[in-house]
$ cat model32.txt   # compact mmCIF, C-alpha atoms
# COMPACT_ATOMS: atom_id res chain seq x y z
CA MET A 1 -6.94 -3.82 20.39
CA LYS A 2 -10.10 -3.77 18.28
CA LYS A 3 -8.30 -2.91 15.04
CA CYS A 4 -5.99 -5.88 15.52
CA THR A 5 -9.01 -8.11 16.19
CA GLU A 6 -10.56 -7.14 12.86
CA CYS A 7 -7.33 -7.25 10.84
CA GLY A 8 -7.43 -10.06 8.31
CA VAL A 9 -10.96 -11.19 9.21
CA SER A 10 -13.01 -12.04 6.12
CA TYR A 11 -16.44 -10.49 5.77
CA LYS A 12 -19.29 -12.38 4.12
CA ILE A 13 -22.38 -10.67 2.73
CA ASP A 14 -25.29 -13.04 2.07
CA THR A 15 -28.13 -12.32 -0.34
CA SER A 16 -30.54 -12.63 2.58
CA GLY A 17 -30.10 -12.61 6.32
CA TYR A 18 -30.17 -10.37 9.34
CA LEU A 19 -28.88 -6.89 10.09
CA PHE A 20 -28.08 -6.26 13.75
CA ILE A 21 -27.75 -2.72 15.04
CA GLU A 22 -26.34 -1.83 18.47
CA GLY A 23 -26.99 1.48 20.23
CA MET A 24 -29.80 2.63 17.95
CA ASN A 25 -32.03 3.48 20.91
CA ASN A 26 -29.22 4.87 23.04
CA GLU A 27 -28.82 1.46 24.62
CA SER A 28 -26.39 -1.40 24.25
CA THR A 29 -29.19 -3.71 23.10
CA PHE A 30 -29.51 -4.95 19.52
CA THR A 31 -32.15 -3.97 17.00
CA GLU A 32 -32.75 -6.71 14.47
CA TYR A 33 -33.80 -6.34 10.82
CA GLU A 34 -34.39 -9.17 8.35
CA TYR A 35 -33.62 -8.55 4.67
CA SER A 36 -34.25 -10.67 1.59
CA SER A 37 -32.10 -9.01 -1.12
CA PHE A 38 -28.95 -6.93 -1.52
CA GLN A 39 -30.99 -3.99 -2.77
CA GLU A 40 -33.30 -4.10 0.21
CA LEU A 41 -30.33 -4.18 2.58
CA GLU A 42 -28.53 -1.37 0.77
CA ASP A 43 -31.60 0.89 0.75
CA TYR A 44 -32.19 0.33 4.46
CA LEU A 45 -28.57 1.03 5.33
CA LYS A 46 -28.64 4.25 3.28
CA THR A 47 -31.66 5.46 5.24
CA LEU A 48 -30.11 4.52 8.58
CA THR A 49 -26.79 6.16 7.71
CA ILE A 50 -28.54 9.44 6.89
CA ASP A 51 -30.83 9.32 9.94
CA LEU A 52 -28.02 8.41 12.35
CA LYS A 53 -25.11 10.32 10.79
CA ASN A 54 -24.42 12.13 14.06
CA ARG A 55 -24.41 8.91 16.08
CA PRO A 56 -20.94 7.35 15.64
CA GLU A 57 -21.59 5.08 18.63
CA VAL A 58 -24.16 3.13 16.60
CA LYS A 59 -22.61 -0.10 15.28
CA ALA A 60 -23.91 -2.80 12.97
CA ALA A 61 -23.19 -6.24 11.55
CA LEU A 62 -24.67 -8.84 9.23
CA SER A 63 -25.40 -12.49 9.85
CA SER A 64 -26.95 -15.26 7.80
CA GLU A 65 -28.61 -16.58 10.96
CA ARG A 66 -30.56 -15.06 13.80
CA VAL A 67 -27.48 -15.07 16.01
CA LYS A 68 -26.00 -11.96 17.58
CA PRO A 69 -22.69 -11.18 15.78
CA ILE A 70 -19.36 -10.71 17.56
CA LEU A 71 -17.66 -8.14 15.32
CA LEU A 72 -19.44 -4.85 14.72
CA THR A 73 -18.58 -1.91 12.48
CA SER A 74 -19.92 1.57 11.77
CA LEU A 75 -22.98 2.08 9.58
CA PRO A 76 -21.05 4.00 6.86
CA VAL A 77 -18.44 1.24 6.61
CA LEU A 78 -21.08 -1.49 6.47
CA LEU A 79 -22.94 0.44 3.76
CA GLU A 80 -19.74 0.70 1.71
CA ARG A 81 -19.18 -3.05 2.07
CA VAL A 82 -22.66 -3.76 0.75
CA LYS A 83 -22.44 -1.22 -2.09
CA ASN A 84 -19.00 -2.53 -3.16
CA ARG A 85 -19.57 -6.20 -2.35
CA ASP A 86 -18.01 -7.46 -5.62
CA ILE A 87 -14.80 -5.50 -5.02
CA VAL A 88 -14.82 -6.53 -1.35
CA GLN A 89 -14.86 -10.13 -2.53
CA VAL A 90 -11.80 -9.49 -4.73
CA ILE A 91 -9.97 -7.83 -1.82
CA GLN A 92 -10.67 -10.81 0.43
CA THR A 93 -10.34 -13.84 -1.84
CA GLY A 94 -9.74 -12.65 -5.41
CA GLU A 95 -6.66 -13.71 -7.37
CA LEU A 96 -3.92 -11.13 -6.96
CA ILE A 97 -0.69 -11.24 -8.96
CA GLY A 98 2.56 -9.31 -8.86
CA HIS A 99 4.05 -7.20 -11.62
CA ILE A 100 7.56 -5.80 -11.38
CA GLN A 101 9.30 -2.69 -12.73
CA PRO A 102 13.11 -2.44 -13.09
CA ILE A 103 15.28 0.00 -11.15
CA ILE A 104 18.81 0.60 -12.46
CA ASP A 105 22.06 1.79 -10.96
CA LEU A 106 22.56 5.07 -12.81
CA GLN A 107 26.30 5.15 -12.41
CA ASN A 108 27.04 1.76 -13.98
CA ASN A 109 23.81 1.20 -15.93
CA GLN A 110 23.23 -2.18 -14.25
CA LEU A 111 20.02 -3.71 -12.96
CA PHE A 112 19.76 -2.94 -9.23
CA ALA A 113 16.23 -3.83 -8.17
CA PHE A 114 12.59 -4.32 -9.12
CA GLU A 115 9.63 -2.53 -7.59
CA SER A 116 6.76 -4.91 -6.85
CA LEU A 117 3.31 -3.76 -7.98
CA LEU A 118 -0.07 -5.34 -7.29
CA ARG A 119 -2.49 -6.41 -10.03
CA THR A 120 -5.76 -8.36 -10.12
CA ASN A 121 -6.21 -11.42 -12.30
CA GLY A 122 -9.00 -13.46 -13.79
CA MET A 123 -12.52 -12.23 -14.50
CA ASN A 124 -12.44 -9.32 -12.02
CA GLN A 125 -9.52 -7.26 -13.29
CA MET A 126 -9.50 -3.69 -11.98
CA PRO A 127 -7.04 -0.87 -11.32
CA PRO A 128 -5.10 -1.40 -8.07
CA GLY A 129 -5.94 2.16 -7.05
CA GLN A 130 -9.63 1.25 -7.07
CA LEU A 131 -8.94 -1.76 -4.87
CA PHE A 132 -7.14 0.34 -2.26
CA GLN A 133 -9.79 3.09 -2.33
CA VAL A 134 -12.56 0.59 -1.63
CA ALA A 135 -10.43 -1.19 0.97
CA GLU A 136 -10.02 2.09 2.84
CA LYS A 137 -13.75 2.84 2.77
CA THR A 138 -14.67 -0.67 3.89
CA GLY A 139 -12.15 -1.12 6.70
CA LEU A 140 -10.23 -3.78 4.78
CA LEU A 141 -7.04 -1.82 4.11
CA SER A 142 -4.94 -3.88 6.53
CA MET A 143 -6.07 -7.10 4.87
CA LEU A 144 -5.30 -5.83 1.35
CA ASP A 145 -1.94 -4.37 2.37
CA GLN A 146 -0.96 -7.68 3.97
CA ARG A 147 -2.06 -9.65 0.91
CA ALA A 148 -0.10 -7.27 -1.36
CA ARG A 149 3.09 -7.81 0.65
CA GLU A 150 2.61 -11.57 0.44
CA VAL A 151 2.12 -11.45 -3.35
CA ALA A 152 5.28 -9.32 -3.68
CA ILE A 153 7.34 -11.80 -1.66
CA GLN A 154 5.98 -14.76 -3.65
CA THR A 155 6.72 -12.96 -6.93
CA ARG A 156 10.25 -12.22 -5.78
CA ARG A 157 10.88 -15.85 -4.90
CA LYS A 158 9.70 -16.98 -8.33
CA TYR A 159 11.27 -14.41 -10.66
CA ILE A 160 13.99 -12.30 -9.01
CA LYS A 161 17.53 -13.50 -8.43
CA LYS A 162 19.34 -13.22 -5.12
CA GLY A 163 21.32 -10.00 -4.91
CA ILE A 164 18.75 -8.02 -6.93
CA LYS A 165 16.66 -6.03 -4.46
CA SER A 166 12.86 -5.86 -4.26
CA PHE A 167 11.10 -2.60 -3.39
CA ILE A 168 7.82 -3.53 -1.68
CA ASN A 169 5.18 -0.95 -0.85
CA PHE A 170 3.49 -0.72 2.54
CA LEU A 171 0.95 1.47 4.33
CA PRO A 172 2.16 2.59 7.78
CA SER A 173 -1.41 3.33 8.90
CA THR A 174 -2.28 -0.39 8.66
CA ILE A 175 0.56 -1.36 11.01
CA TYR A 176 -0.84 -0.59 14.45
CA ASN A 177 1.90 -2.36 16.41
CA PRO A 178 5.02 -2.94 14.25
CA GLU A 179 6.48 -5.73 16.42
CA PHE A 180 3.19 -7.66 16.18
CA CYS A 181 1.67 -6.65 12.84
CA LEU A 182 4.80 -7.33 10.78
CA GLN A 183 5.29 -10.88 12.08
CA HIS A 184 3.20 -12.19 9.17
CA THR A 185 5.60 -10.55 6.69
CA PHE A 186 8.70 -11.78 8.52
CA HIS A 187 7.25 -15.31 8.63
CA LEU A 188 6.79 -15.23 4.83
CA VAL A 189 10.38 -14.06 4.32
CA ASN A 190 11.60 -17.04 6.33
CA LYS A 191 9.13 -19.44 4.74
CA TYR A 192 10.26 -18.63 1.19
CA GLY A 193 13.95 -18.42 2.06
CA ILE A 194 14.32 -14.78 1.07
CA ASP A 195 17.49 -12.94 2.12
CA PRO A 196 16.19 -10.01 4.24
CA SER A 197 18.94 -7.74 2.90
CA ASP A 198 17.39 -8.04 -0.57
CA LEU A 199 14.14 -6.43 0.60
CA VAL A 200 13.38 -2.70 0.68
CA PHE A 201 10.05 -1.69 2.24
CA GLU A 202 8.78 1.55 0.82
CA VAL A 203 6.12 3.96 2.10
CA VAL A 204 3.62 4.22 -0.76
CA GLU A 205 2.95 7.54 -2.45
CA THR A 206 -0.73 7.74 -1.47
CA GLU A 207 -0.04 7.46 2.24
CA LYS A 208 -0.29 10.69 4.22
CA ILE A 209 1.86 10.44 7.30
CA GLU A 210 0.66 12.32 10.36
CA ASP A 211 2.50 10.35 13.04
CA VAL A 212 6.20 10.54 12.22
CA GLU A 213 7.14 8.81 15.48
CA HIS A 214 5.03 5.80 14.48
CA LEU A 215 6.73 5.61 11.08
CA GLN A 216 10.11 5.73 12.82
CA LYS A 217 9.08 2.67 14.87
CA VAL A 218 7.99 0.84 11.71
CA PHE A 219 11.32 1.62 10.00
CA ILE A 220 13.27 0.46 13.06
CA THR A 221 11.30 -2.82 13.15
CA TYR A 222 12.11 -3.54 9.50
CA LYS A 223 15.78 -2.65 9.98
CA LYS A 224 16.09 -4.92 13.02
CA GLN A 225 15.19 -7.80 10.69
CA GLY A 226 18.02 -6.87 8.32
CA MET A 227 15.75 -5.19 5.76
CA LYS A 228 16.04 -1.75 4.16
CA VAL A 229 13.46 1.06 4.07
CA ALA A 230 12.61 3.76 1.54
CA LEU A 231 10.74 7.04 1.62
CA ASP A 232 8.68 7.86 -1.45
CA ASP A 233 7.73 11.18 -3.09
CA VAL A 234 10.38 13.40 -1.55
CA GLY A 235 9.38 16.95 -2.40
CA SER A 236 5.65 16.23 -2.31
CA GLY A 237 3.26 16.13 0.63
CA PHE A 238 4.81 15.03 3.92
CA SER A 239 8.09 13.89 2.36
CA THR A 240 10.05 17.10 2.64
CA ILE A 241 13.82 17.27 2.80
CA ASP A 242 13.50 17.86 6.58
CA MET A 243 12.02 14.37 6.93
CA LEU A 244 15.21 12.74 5.66
CA GLU A 245 17.11 13.54 8.81
CA LEU A 246 14.18 12.62 11.07
CA LEU A 247 13.49 9.24 9.47
CA HIS A 248 16.90 8.41 7.97
CA PRO A 249 15.69 5.91 5.35
CA ASP A 250 18.15 3.84 3.31
CA TYR A 251 16.67 5.15 0.05
CA VAL A 252 14.62 8.16 -1.02
CA LYS A 253 12.55 8.43 -4.18
CA ILE A 254 12.25 11.85 -5.76
CA ASP A 255 8.67 12.80 -6.62
CA ARG A 256 8.20 12.37 -10.36
CA SER A 257 6.93 15.94 -10.74
CA TYR A 258 10.53 17.10 -10.12
CA ILE A 259 11.92 14.64 -12.67
CA ASP A 260 9.52 15.50 -15.50
CA HIS A 261 11.53 17.64 -17.98
CA CYS A 262 14.03 18.48 -15.23
CA ASP A 263 16.65 19.03 -17.93
CA GLN A 264 14.68 22.11 -19.03
CA ASP A 265 13.81 23.57 -15.62
CA ARG A 266 16.41 25.29 -13.45
CA GLN A 267 14.16 25.39 -10.38
CA LYS A 268 13.77 21.61 -10.52
CA GLN A 269 17.51 21.21 -10.97
CA LYS A 270 18.10 23.39 -7.89
CA PHE A 271 15.77 21.20 -5.81
CA LEU A 272 17.36 17.99 -7.08
CA ARG A 273 20.83 19.27 -6.15
CA GLU A 274 19.59 20.12 -2.64
CA VAL A 275 18.12 16.65 -2.12
CA GLN A 276 21.22 14.99 -3.51
CA GLN A 277 23.47 16.95 -1.16
CA VAL A 278 21.37 16.26 1.96
CA ALA A 279 21.06 12.58 1.08
CA GLN A 280 24.78 12.28 0.44
CA ASP A 281 25.55 13.86 3.82
CA LEU A 282 23.23 11.34 5.50
CA ASN A 283 24.50 8.37 3.47
CA ILE A 284 21.08 7.88 1.83
CA GLU A 285 20.80 6.63 -1.75
CA VAL A 286 18.66 8.72 -4.12
CA LEU A 287 16.30 7.19 -6.69
CA ALA A 288 14.90 9.30 -9.53
CA GLU A 289 11.37 8.07 -10.23
CA GLY A 290 9.27 8.59 -13.35
CA ILE A 291 12.05 8.92 -15.93
CA GLU A 292 10.52 8.93 -19.39
CA ARG A 293 13.22 10.64 -21.48
CA MET A 294 16.94 10.13 -22.08
CA GLU A 295 17.63 13.78 -21.19
CA GLU A 296 16.09 13.30 -17.72
CA LEU A 297 18.15 10.18 -17.12
CA GLU A 298 21.38 11.87 -18.17
CA LEU A 299 20.78 14.89 -15.95
CA CYS A 300 20.04 12.72 -12.92
CA ARG A 301 23.21 10.76 -13.58
CA ASP A 302 25.24 13.96 -13.93
CA LEU A 303 23.86 15.18 -10.59
CA GLY A 304 25.23 12.05 -8.96
CA MET A 305 21.96 10.26 -8.23
CA ASN A 306 22.34 6.57 -7.49
CA LEU A 307 19.26 4.93 -8.99
CA ALA A 308 16.54 5.46 -11.59
CA GLN A 309 13.14 4.06 -12.49
CA GLY A 310 10.53 4.91 -15.12
CA TYR A 311 8.92 3.95 -18.41
CA PHE A 312 12.07 4.95 -20.33
CA ILE A 313 13.89 2.18 -18.44
CA GLY A 314 11.05 -0.35 -18.28
CA LYS A 315 7.32 -0.56 -17.69
CA PRO A 316 5.64 -2.76 -15.05
CA LYS A 317 5.23 -6.27 -16.44
CA ALA A 318 4.54 -9.78 -15.25
CA GLY A 319 7.62 -11.36 -13.68
CA ASP A 320 8.22 -13.90 -16.43
CA GLN A 321 8.72 -11.07 -18.95
CA TYR A 322 11.76 -9.82 -17.05
CA ILE A 323 13.52 -13.12 -16.36
CA ASN A 324 16.21 -12.52 -18.98
CA LEU A 325 16.39 -8.74 -18.70
CA GLN A 326 19.58 -7.35 -20.25
CA LEU A 327 20.52 -3.65 -19.88

$ encode --input "model32.txt" --output "structure tokens"
Amino acid sequence: MKKCTECGVSYKIDTSGYLFIEGMNNESTFTEYEYSSFQELEDYLKTLTIDLKNRPEVKAALSSERVKPILLTSLPVLLERVKNRDIVQVIQTGELIGHIQPIIDLQNNQLFAFESLLRTNGMNQMPPGQLFQVAEKTGLLSMLDQRAREVAIQTRRKYIKKGIKSFINFLPSTIYNPEFCLQHTFHLVNKYGIDPSDLVFEVVETEKIEDVEHLQKVFITYKKQGMKVALDDVGSGFSTIDMLELLHPDYVKIDRSYIDHCDQDRQKQKFLREVQQVAQDLNIEVLAEGIERMEELELCRDLGMNLAQGYFIGKPKAGDQYINLQL
């Protein structure tokens, strides 16, 4: 599978070299172009992308030598890699660190878990959302998602005690074949001696799920390894109440828009009761996300929700700042 071939493969962009284009003249032969600066390469790719926008079969690659490349990509993706070359470098080899945010058991007010969140470090600090946006445009989303999972597992090993769960985000669209693609993650779990039952893999909020059957297979693969799974943003986008029965996750996170001032909004309270009832019938634990006020926390507790997360409870911080967390 071509996507699997490219997954995890680093991409180098030299200040000078050769651009190879396949299929430009409706043939499988290569057209070669030598460039001597990033700007020259970027300008040429912009022109080609406009001229050949209706020719998706045209592929291209870069090389520092006059040698025909093996891996090819589309012109728009290659252009994005050149335009965002500094961010591409961070995605591939930059220093990534893990921050964590506490999740509490609402009914006994005890620490239950931490959500793992990705951050950049060093000279090239940038919002994680920007990293993932560029990764998607440049075909490097699988690589970044895999690196993020590794950072989360390493952070857990260093800062989080056994028995406290870790919620780790993942992008289903980057997992083409669950049995194969997740082996890297399972290897890391074994390598660092992590108890699989302490891990909860969570579909991230930005992911738009179109293939529910594929997500079911991903969930099943995680569960076969003794891990838990969570569905994010219930009530928003694809994560409707109907999905709970189809996917049967171990945990569901309520979209924060339903938590915001829920103590003052009867419609939100009605929705929260519906989710709570469906989840309870299916033996799914409910997590209220985005709690920023005591009144919101108290209402969610009164409704019988299991877990809570938000700035009122604790903001994302480096792991060492939560070592001695007391609630």

$ atom_distance --input "model32.txt" --atom1 "atom CA of A:Ser116" --atom2 "atom CA of A:Ile168"
5.5 Å

$ closest_residue --input "model32.txt" --among "A:Ser10, A:Asp86, A:Lys224, A:Asp195" --to "A:Leu144" --atoms "all atoms listed in the file"
A:Ser10

$ closest_residue --input "model32.txt" --among "A:Leu111, A:Val90, A:Cys262, A:Ala135" --to "A:Leu78" --atoms "all atoms listed in the file"
A:Ala135

$ atom_distance --input "model32.txt" --atom1 "atom CA of A:Gly23" --atom2 "atom CA of A:Lys137"
22.0 Å

$ residues_around --input "model32.txt" --residues "stretch 154-162 of chain A" --least-positions-apart "4" --cutoff "9 Å" --atoms "all atoms listed in the file" --output "ChimeraX atom specification"
/A:97-100,113-114,116,149-150,166,188,192-195,198,319-320,322-323

$ residues_around --input "model32.txt" --residues "A:Lys12" --least-positions-apart "4" --cutoff "12 Å" --atoms "all atoms listed in the file" --output "PyMOL selection string"
chain A and resi 16-17+61-64+78+81-82+85-86+88-93

$ atom_distance --input "model32.txt" --atom1 "atom CA of A:Val212" --atom2 "atom CA of A:Pro249"
12.6 Å

$ closest_residue --input "model32.txt" --among "A:Arg55, A:Arg147, A:His187, A:Lys83" --to "A:Asp43" --atoms "all atoms listed in the file"
A:Lys83

$ closest_residue --input "model32.txt" --among "A:Val229, A:Val189, A:Ile220, A:Leu117" --to "A:Val203" --atoms "all atoms listed in the file"
A:Val229

$ closest_residue --input "model32.txt" --among "A:Val67, A:Asn109, A:Lys53, A:Met126" --to "A:Ile87" --atoms "all atoms listed in the file"
A:Met126

$ residues_around --input "model32.txt" --residues "A:Asn283" --least-positions-apart "5" --cutoff "9 Å" --atoms "only C-alpha atoms" --output "MDAnalysis selection string"
chainID A and resid 248 250 278

$ closest_atom_pairs --input "model32.txt" --of "stretch 79-186 of chain A" --to "stretch 284-289 of chain A" --cutoff "10 Å" --atoms "only C-alpha atoms" --output "JSON lines"
{"residue": "A:Ile103", "atom": "CA", "partner": "A:Leu287", "partner_atom": "CA", "distance": 8.5}
{"residue": "A:Ile104", "atom": "CA", "partner": "A:Leu287", "partner_atom": "CA", "distance": 9.1}
{"residue": "A:Asp105", "atom": "CA", "partner": "A:Leu287", "partner_atom": "CA", "distance": 9.0}
{"residue": "A:Leu106", "atom": "CA", "partner": "A:Leu287", "partner_atom": "CA", "distance": 9.0}

$ residues_near_point --input "model32.txt" --point "(17.9, 19.1, 4.2)" --cutoff "8 Å" --atoms "all atoms listed in the file" --output "list in words"
Ile241, Asp242, Leu244, Glu245, Glu274, Val275, Val278 and Ala279 of chain A

$ write_last_selection --input "model32.txt" --atoms "C-alpha atoms" --output "mmCIF file, keeping the file's coordinate frame"
data_model
loop_
_atom_site.group_PDB
_atom_site.id
_atom_site.type_symbol
_atom_site.label_atom_id
_atom_site.label_comp_id
_atom_site.auth_asym_id
_atom_site.auth_seq_id
_atom_site.Cartn_x
_atom_site.Cartn_y
_atom_site.Cartn_z
ATOM 1 C CA ILE A 241 13.820 17.270 2.800
ATOM 2 C CA ASP A 242 13.500 17.860 6.580
ATOM 3 C CA LEU A 244 15.210 12.740 5.660
ATOM 4 C CA GLU A 245 17.110 13.540 8.810
ATOM 5 C CA GLU A 274 19.590 20.120 -2.640
ATOM 6 C CA VAL A 275 18.120 16.650 -2.120
ATOM 7 C CA VAL A 278 21.370 16.260 1.960
ATOM 8 C CA ALA A 279 21.060 12.580 1.080
#

$ axis_aligned_box --input "model32.txt" --around "stretch 116-122 of chain A" --padding-each-side "3 Å" --output "AutoDock Vina command-line options"
--center_x -1.1 --center_y -8.6 --center_z -10.3 --size_x 21.8 --size_y 15.7 --size_z 12.9

$ closest_residue --input "model32.txt" --among "A:Val218, A:Leu272, A:Leu131, A:Leu246" --to "A:Leu299" --atoms "all atoms listed in the file"
A:Leu272

$ residues_near_point --input "model32.txt" --point "(-18.2, 0.9, 8.6)" --cutoff "9 Å" --atoms "all atoms listed in the file" --output "PyMOL selection string"
chain A and resi 59-60+72-81+137-139

$ write_last_selection --input "model32.txt" --atoms "C-alpha atoms" --output "CSV table (one decimal), in the frame of the given file"
chain,number,residue,atom,x,y,z
A,59,LYS,CA,-22.6,-0.1,15.3
A,60,ALA,CA,-23.9,-2.8,13.0
A,72,LEU,CA,-19.4,-4.8,14.7
A,73,THR,CA,-18.6,-1.9,12.5
A,74,SER,CA,-19.9,1.6,11.8
A,75,LEU,CA,-23.0,2.1,9.6
A,76,PRO,CA,-21.0,4.0,6.9
A,77,VAL,CA,-18.4,1.2,6.6
A,78,LEU,CA,-21.1,-1.5,6.5
A,79,LEU,CA,-22.9,0.4,3.8
A,80,GLU,CA,-19.7,0.7,1.7
A,81,ARG,CA,-19.2,-3.0,2.1
A,137,LYS,CA,-13.8,2.8,2.8
A,138,THR,CA,-14.7,-0.7,3.9
A,139,GLY,CA,-12.2,-1.1,6.7

$ residues_around --input "model32.txt" --residues "A:Leu182" --least-positions-apart "6" --cutoff "9 Å" --atoms "only C-alpha atoms" --output "PDB file with C-alpha atoms, in the coordinates of the input"
ATOM      1  CA  GLN A 146      -0.960  -7.680   3.970  1.00  0.00           C
ATOM      2  CA  ILE A 175       0.560  -1.360  11.010  1.00  0.00           C
ATOM      3  CA  VAL A 218       7.990   0.840  11.710  1.00  0.00           C
ATOM      4  CA  THR A 221      11.300  -2.820  13.150  1.00  0.00           C
ATOM      5  CA  TYR A 222      12.110  -3.540   9.500  1.00  0.00           C
TER       6      TYR A 222
END
